[in-house]
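Below is one structure, written out as structure tokens, with a few remarks after it.
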Amino acid sequence: MNYFFFVVKAAIEDFKRNKTQTFLTSLGILIGVFSVVTLVALGLGLKRYISDQFALLGKSTLFIAPGKILSRGGFNTASSLASIKFDNRDLLRLKKLREIKEISPIFSKQTTAKSEKKSEESTIFFVSEAFFDINGFKIQKGRFFDKNDVSKKAKVLVLGPKLAKKLFGTIEAAIDQKISANSVNFTVIGVTEERGGGGFGGPDYDSYMFSPYTTGFIFNPAKNYSRFAVKFDENYSISEVKEAIKKEFLKRYDEDSFSIIEPGDILSAVNSIFGVLNIVLIAIASISLLVGGIGIMNIMFVTVSDKTKEIGIRRAIGARKKDILSQFIIESIILSIFGGFLGLILAFLGTLFIQRFFPAYIDINSVILALGVSSAIGIIFGVFPAKKAADLEPVEAIRYE
Amino acid sequence: MIKFNNVWKIYKIDKEIEYQALKGISFEIKEGEFVSIMGPSGSGKSTLMHLIGLLDKPTKGKILIDDQDITKLNDDQLSTLRNEFVGFVFQQFNLIPKLTVLENILLPTIYARKKLDYDPKKKALALIKRFGLEGKEYSYPNKISGGQQQRVAIIRALIMEPKLILADEPTGNLDSKTGIEIMNLLKYLNEKEGITIALVTHEADIAAYGKRTIKIKDGEIVKS
């Protein structure tokens with residue numbers, strides 16, 4: 001039987017004798033750890049979800065959008081609002097570049113999609129046949145539209161699987177059916193595979209419709225494009241391609257009116273935003289950890305008074321000041337780790353629940369952080385009461401009744 | 001073994017008022033002695049016991065233990081000395097309620113800095129058997145009788161093989177029959193094991209177990 005075993009066993013015996021007090025004392029840490037871990041789980045889940053969406057895009061993909069959307073790693077909303085619109089001249093310029101293999105202009109229209117029986121709010125993305133390959137879409141049923149459809153301005157639609165199910169009951173039933181959008185009749189030729197996501201403001205590709213951009217000019221007589229997606233030849237480096245596009249576009253626009261975006265750029269912008277968001281969330285949740293720590297300190301002071309006699313006995317049989325000090329610090333650590341552990345369990349359960357409608361996710365770092373922080377609180381807030389205990393005069397302590 | 005040389009203990013009650021608990025006491029306890037320290041309450045015998053037990057330091061004077069001046073020792077050294085040199089037996093037994101009998105007995109050994117040349121658990125179990133506490137090893141102190149608790153306290157005092165056992169009214173909380181048993185036990189330890197015993201009491205018949213009595217009154221020795 002060693003020293004550590006003795007101290008831990010004695011502390012646990014104490015806690016067993018004062019179950020309610022122990023639980024209430026740990027409650028502060030419990031709530032603190034629970035909120036920190038859950039909030040971090042929400043932040044991480046969101047971040048991972050967005051990263052997954054970008055992971056679908058190939059390495060050799062670029063977007064060209066009007067305005068300076070990204071600057072210094074963050075989103076620049078101000079300049080993306082008021083800016084130029086692309087048109088067919090830009091598309092022709094891009095087509096000339098030998099670095100670029102595939103191009104899709106993109107513009108969209110929010111609409112109500114009506115089948116024979118049902119109608120659903122949705123968005124049509126007007127794109128070229130290359131769009132599906134550039135963005136990593138796969139077909140589940142039917143087919144994508146092709147070059148021929150684009151040049152014929154065919155009124156065809158490829159549906160996201162969620163929308164197909166809503167409008168026609170099953171994915172199979174959607175093929176060859178008619179959909180009317182803004183009084184234009186389209187024929188469904190294909191349904192994409194599920195990509196997941198959506199539901200909290202992110203892009204929900206599974207609920208969108210896709211149609212040739214040439215067909216979309218019905219709704220867009222000015223023939224403007226809101227952006228381009230391109231896939232470039234992998235024999236060129238990403239910076240070479242960006243440089244080539246930039247050179248071409250600078251002939252018409254100044255540098256601040258367009259952006260060439262790599263998926264990685266967006267990802268790092270997302271990461272930096274969630275980094276800041278996470279820090280803010282953790283800082284707020286940490287206040288409850290602090291309050292919890294003060295609760296522990298308070299109880300530890302009471303415990304020291306309650307145990308004055310015991311301290312006296314231990315000192316009489318040879319305990320040094322540092323033995324008493326470590327005894328009380330260990331007690332305080334056990335108390336806060338107990339709270340931290342319960343908080344962690346609760347956060348796990350909470351996250352399981354949240355995962356039903358939000359991509360929350362607890363990683364090992366949150367677990368380590370939670371337990372690390374709670375033991376740190378145990379030490380920090382245990383030191384003063386423990387010091388008080390250690391500094392009791394043996395003769396005073398043993399006489400105490 | 002223990003030498004008190006003109007030892008004063010003065011408590012400051014107020015800025016002006018002092019209370020002299022011990023007024024220049026000198027005496028010696030030799031190895032192997034069984035000394036009773038007797039006096040009425042308020043005589044200063046508790047203060048004296050705390051000084052012998054190294055729980056307190058004198059205001060003035062010297063206390064030598066094995067020719068070592070304890071007033072010059074720091075807190076760690078005093079703790080070590082309490083751990084190795086003295087075994088306490090208190091009137092209130094002073095067992096730790098949340099620890100079992102065996103754990104209470106082993107408690108001094110976990111604070112031991114010196115390497116023990118015996119297995120403390122084996123020794124504890126042997127003493128438990130010898131003192132008739134078999135079967136109580138894993139009981140908690142509140143589940144055994146006062147006499148049994150005091151025997152546990154004595155085993156705890158013996159576990160570090162100290163030179164001195166300091167007993168402060170060891171029979172004060174026991175009925176007279178159990179009290180006699182405990183006193184006989186102490187007498188046995190002194191006579192057969194050669195352990196020095198200092199016994200503090202206010203009862204003459206308990207003091208009579210000692211081979212020598214130091215009588216103290218109003219902070220001074222009246223007979224030694």
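By order of appearance in the structure tokens: chains A, B, ..., then residues from 1 within every chain, and ligands from 1 in the order shown.
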Would you mind listing, for every residue of chain A within 6 Å of chain B, the two atoms forming the shortest contact and the distance between them in Å to one decimal, using only C-alpha atoms, sorted by chain and ascending residue number, as a tab-separated table?
```
residue	atom	partner	partner_atom	distance
A:Tyr3	CA	B:Ile110	CA	5.4
A:Ile317	CA	B:Asn83	CA	5.1
A:Gly318	CA	B:Asn83	CA	3.9
A:Ala319	CA	B:Tyr111	CA	5.5
A:Arg320	CA	B:Ser79	CA	5.5
A:Pro394	CA	B:Leu55	CA	5.6
A:Val395	CA	B:Leu55	CA	5.2
```
May I have the residues from that selection written out with N, CA and C atoms, as a compact mmCIF listing (two decimals), in the first residue's frame?
```txt
# COMPACT_ATOMS: atom_id res chain seq x y z
N TYR A 3 1.66 5.48 -0.70
CA TYR A 3 1.15 6.78 -0.25
C TYR A 3 -0.04 7.24 -1.08
N ILE A 317 1.57 11.80 13.79
CA ILE A 317 2.23 10.53 13.48
C ILE A 317 3.27 10.68 12.37
N GLY A 318 3.58 11.92 11.99
CA GLY A 318 4.75 12.11 11.15
C GLY A 318 4.54 12.72 9.78
N ALA A 319 3.29 13.15 9.45
CA ALA A 319 3.10 13.78 8.15
C ALA A 319 3.79 15.14 8.12
N ARG A 320 4.48 15.41 7.04
CA ARG A 320 5.10 16.72 6.87
C ARG A 320 4.09 17.68 6.25
N PRO A 394 0.62 21.87 14.34
CA PRO A 394 0.21 20.53 14.78
C PRO A 394 -0.50 20.55 16.14
N VAL A 395 0.01 21.35 17.06
CA VAL A 395 -0.56 21.33 18.40
C VAL A 395 -1.97 21.93 18.42
```
Task: Residues near Ala198 (chain B), cut-off 10 Å, only C-alpha atoms, skip fewer than 2 positions along chain, as number ranges by chain - done: B: 29, 33-37, 49, 52-53, 88, 164-168, 195-196, 200-201, 210, 212-213
Would you save the residues of that selection, restricted to N, CA and C atoms, as a PDB file, in the first residue's frame?
```
ATOM      1  N   ILE B  29      14.205  12.110  31.140  1.00  0.00           N
ATOM      2  CA  ILE B  29      13.642  10.759  31.066  1.00  0.00           C
ATOM      3  C   ILE B  29      14.691   9.878  30.416  1.00  0.00           C
ATOM      4  N   GLU B  33      12.694   3.869  30.808  1.00  0.00           N
ATOM      5  CA  GLU B  33      11.909   4.284  31.968  1.00  0.00           C
ATOM      6  C   GLU B  33      10.408   4.231  31.678  1.00  0.00           C
ATOM      7  N   PHE B  34       9.613   4.155  32.706  1.00  0.00           N
ATOM      8  CA  PHE B  34       8.158   4.324  32.628  1.00  0.00           C
ATOM      9  C   PHE B  34       7.814   5.470  33.566  1.00  0.00           C
ATOM     10  N   VAL B  35       7.653   6.653  33.031  1.00  0.00           N
ATOM     11  CA  VAL B  35       7.490   7.861  33.842  1.00  0.00           C
ATOM     12  C   VAL B  35       6.048   8.340  33.749  1.00  0.00           C
ATOM     13  N   SER B  36       5.435   8.588  34.904  1.00  0.00           N
ATOM     14  CA  SER B  36       4.099   9.184  34.920  1.00  0.00           C
ATOM     15  C   SER B  36       4.229  10.672  35.180  1.00  0.00           C
ATOM     16  N   ILE B  37       3.557  11.452  34.381  1.00  0.00           N
ATOM     17  CA  ILE B  37       3.526  12.891  34.621  1.00  0.00           C
ATOM     18  C   ILE B  37       2.134  13.216  35.132  1.00  0.00           C
ATOM     19  N   MET B  49       3.247  17.621  27.656  1.00  0.00           N
ATOM     20  CA  MET B  49       3.113  16.465  26.769  1.00  0.00           C
ATOM     21  C   MET B  49       3.332  16.863  25.301  1.00  0.00           C
ATOM     22  N   ILE B  52       7.030  17.222  24.761  1.00  0.00           N
ATOM     23  CA  ILE B  52       7.724  15.924  24.654  1.00  0.00           C
ATOM     24  C   ILE B  52       7.401  15.266  23.314  1.00  0.00           C
ATOM     25  N   GLY B  53       6.139  15.429  22.896  1.00  0.00           N
ATOM     26  CA  GLY B  53       5.691  14.812  21.637  1.00  0.00           C
ATOM     27  C   GLY B  53       6.114  15.577  20.403  1.00  0.00           C
ATOM     28  N   PHE B  88       2.244   7.995  19.598  1.00  0.00           N
ATOM     29  CA  PHE B  88       1.239   8.656  20.440  1.00  0.00           C
ATOM     30  C   PHE B  88       0.083   7.719  20.778  1.00  0.00           C
ATOM     31  N   LEU B 164       9.979   5.777  22.137  1.00  0.00           N
ATOM     32  CA  LEU B 164       9.139   6.356  23.181  1.00  0.00           C
ATOM     33  C   LEU B 164       7.670   6.228  22.827  1.00  0.00           C
ATOM     34  N   ILE B 165       6.878   5.811  23.843  1.00  0.00           N
ATOM     35  CA  ILE B 165       5.427   5.901  23.670  1.00  0.00           C
ATOM     36  C   ILE B 165       4.928   6.976  24.615  1.00  0.00           C
ATOM     37  N   LEU B 166       4.176   7.915  24.031  1.00  0.00           N
ATOM     38  CA  LEU B 166       3.672   9.031  24.802  1.00  0.00           C
ATOM     39  C   LEU B 166       2.169   8.828  24.935  1.00  0.00           C
ATOM     40  N   ALA B 167       1.718   8.557  26.165  1.00  0.00           N
ATOM     41  CA  ALA B 167       0.297   8.250  26.370  1.00  0.00           C
ATOM     42  C   ALA B 167      -0.342   9.380  27.162  1.00  0.00           C
ATOM     43  N   ASP B 168      -1.363   9.988  26.562  1.00  0.00           N
ATOM     44  CA  ASP B 168      -2.036  11.132  27.178  1.00  0.00           C
ATOM     45  C   ASP B 168      -3.408  10.671  27.683  1.00  0.00           C
ATOM     46  N   ILE B 195      10.475  -0.493  25.789  1.00  0.00           N
ATOM     47  CA  ILE B 195      10.061   0.789  25.217  1.00  0.00           C
ATOM     48  C   ILE B 195       9.870   1.810  26.333  1.00  0.00           C
ATOM     49  N   THR B 196      10.446   2.973  26.175  1.00  0.00           N
ATOM     50  CA  THR B 196      10.289   4.046  27.147  1.00  0.00           C
ATOM     51  C   THR B 196       8.853   4.563  27.077  1.00  0.00           C
ATOM     52  N   VAL B 200       0.845  10.633  30.745  1.00  0.00           N
ATOM     53  CA  VAL B 200       0.303  11.855  31.339  1.00  0.00           C
ATOM     54  C   VAL B 200      -1.083  11.525  31.888  1.00  0.00           C
ATOM     55  N   THR B 201      -1.304  11.822  33.159  1.00  0.00           N
ATOM     56  CA  THR B 201      -2.603  11.507  33.761  1.00  0.00           C
ATOM     57  C   THR B 201      -2.872  12.420  34.958  1.00  0.00           C
ATOM     58  N   GLY B 210       3.486   3.703  36.602  1.00  0.00           N
ATOM     59  CA  GLY B 210       4.827   4.170  36.273  1.00  0.00           C
ATOM     60  C   GLY B 210       5.808   3.843  37.383  1.00  0.00           C
ATOM     61  N   ARG B 212       8.210   5.903  38.076  1.00  0.00           N
ATOM     62  CA  ARG B 212       8.596   7.180  38.637  1.00  0.00           C
ATOM     63  C   ARG B 212       7.496   8.174  38.280  1.00  0.00           C
ATOM     64  N   THR B 213       7.235   9.104  39.174  1.00  0.00           N
ATOM     65  CA  THR B 213       6.191  10.084  38.907  1.00  0.00           C
ATOM     66  C   THR B 213       6.768  11.493  38.984  1.00  0.00           C
TER      67      THR B 213
END
```
Open item on the list: Give me, as a PyMOL selection string, the residues of region 73-216 of chain B that a backbone DSSP run labels alpha helix (DSSP H).
Closed with: chain B and resi 75-84+101-110+120-130+146-158+176-193+204-207
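Restricting the calculation to only C-alpha atoms, the smallest distance between Ile65 (chain B) and any of B:Leu48, B:Ile154, B:Val222, B:Met1 is found for B:Met1.
With CA of Lys163 (chain B) on one side and CA of Glu220 (chain B) on the other, the separation reads 26.2 Å.
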Open item on the list: Which residue is closest to Leu349 (chain A)? Choose from A:Glu13, A:Gly136, A:Val37, A:Val241 and count only C-alpha atoms.
Closed with: A:Val37
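Interatomic distance, CA of Asn74 (chain B) to CA of Ile324 (chain A): 16.2 Å.
The gap separating CA of Val304 (chain A) from CA of Ala11 (chain A) is 12.5 Å, in Å to one decimal.
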Task: Near-Gln327 (chain A) list (9 Å; only C-alpha atoms; drop same-chain fewer than 2 positions) as a PyMOL selection string - done: chain A and resi 4+7-8+11+322-325+329-332+386
- [ ] Return the single residue from B:Tyr138, B:Gln92, B:Ile70, B:Glu191 that is closest to Lys309 (chain A), with distances computed using only C-alpha atoms.
- [x] B:Gln92
TODO: Quick one: everything within 12 Å of Leu335 (chain A), counting only C-alpha atoms, minus sequence neighbours fewer than 6 positions away in the same chain. Send it as a PyMOL selection string.
DONE: chain A and resi 8+11-12+14-16+18-19+21-30+292-293+295-297+299-300+328-329+341-342+371+374-379+381-382
For those residues, write C-alpha atoms to a file as a short mmCIF file (atom, residue, chain, number, x, y, z; two decimals), in the first residue's frame.
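Wrote it out as part22.cif, contents follow:
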```cif
data_model
loop_
_atom_site.label_atom_id
_atom_site.label_comp_id
_atom_site.auth_asym_id
_atom_site.auth_seq_id
_atom_site.Cartn_x
_atom_site.Cartn_y
_atom_site.Cartn_z
CA VAL A 8 -6.94 8.59 -2.98
CA ALA A 11 -10.54 11.08 -0.38
CA ILE A 12 -13.00 8.70 -2.03
CA ASP A 14 -14.88 11.16 2.27
CA PHE A 15 -16.79 11.73 -0.95
CA LYS A 16 -18.88 8.61 -0.35
CA ASN A 18 -20.89 13.30 1.60
CA LYS A 19 -22.45 12.27 -1.69
CA GLN A 21 -22.05 17.77 -1.21
CA THR A 22 -19.57 16.08 -3.55
CA PHE A 23 -22.02 16.09 -6.42
CA LEU A 24 -23.06 19.71 -5.91
CA THR A 25 -19.42 20.77 -5.70
CA SER A 26 -18.61 18.97 -8.93
CA LEU A 27 -21.67 20.41 -10.63
CA GLY A 28 -19.90 23.66 -11.53
CA ILE A 29 -17.08 21.80 -13.26
CA LEU A 30 -19.62 19.41 -14.79
CA GLY A 292 -16.96 25.83 -10.80
CA GLY A 293 -13.36 26.18 -9.65
CA GLY A 295 -17.03 26.43 -5.84
CA ILE A 296 -14.41 23.76 -5.33
CA MET A 297 -12.13 26.18 -3.52
CA ILE A 299 -15.79 23.57 -0.33
CA MET A 300 -12.13 22.74 0.14
CA PHE A 328 -5.69 18.25 -0.10
CA ILE A 329 -4.59 19.08 -3.62
CA PHE A 341 -15.71 13.28 -16.26
CA LEU A 342 -19.45 13.57 -15.65
CA LEU A 371 -9.80 16.48 -18.36
CA SER A 374 -10.48 20.15 -14.85
CA SER A 375 -7.36 18.80 -13.18
CA ALA A 376 -5.70 22.19 -13.64
CA ILE A 377 -8.70 23.77 -11.91
CA GLY A 378 -8.37 21.21 -9.12
CA ILE A 379 -4.74 22.19 -8.61
CA PHE A 381 -8.25 26.21 -6.70
CA GLY A 382 -7.04 23.50 -4.34
#
```
Open item on the list: Applying 7 Å and only C-alpha atoms, which residues near region 126-133 of chain A remain after dropping the ones on its own chain fewer than 4 positions away? List them as a ChimeraX atom specification.
Closed with: /A:102-108,137,145-147,150,210-213,216
Resulting file, chosen residues, C-alpha atoms, as a JSON list (two decimals), in the first residue's frame:
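Result went into selection.json, see below:
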```
[["chain", "number", "residue", "atom", "x", "y", "z"],
["A", 102, "GLU", "CA", -13.20, 22.06, -68.69],
["A", 103, "ILE", "CA", -15.31, 25.10, -67.95],
["A", 104, "SER", "CA", -18.77, 25.63, -66.61],
["A", 105, "PRO", "CA", -20.41, 29.01, -66.33],
["A", 106, "ILE", "CA", -22.81, 29.12, -63.42],
["A", 107, "PHE", "CA", -25.89, 31.14, -62.61],
["A", 108, "SER", "CA", -28.95, 30.17, -60.65],
["A", 137, "PHE", "CA", -21.20, 14.73, -58.91],
["A", 145, "PHE", "CA", -27.07, 16.30, -69.84],
["A", 146, "ASP", "CA", -24.32, 16.48, -72.48],
["A", 147, "LYS", "CA", -22.81, 18.94, -74.95],
["A", 150, "VAL", "CA", -26.38, 22.36, -74.11],
["A", 210, "PHE", "CA", -29.38, 21.45, -62.75],
["A", 211, "SER", "CA", -30.08, 22.52, -66.31],
["A", 212, "PRO", "CA", -27.97, 23.61, -69.32],
["A", 213, "TYR", "CA", -26.90, 27.24, -69.03],
["A", 216, "GLY", "CA", -31.28, 29.19, -68.56]]
```
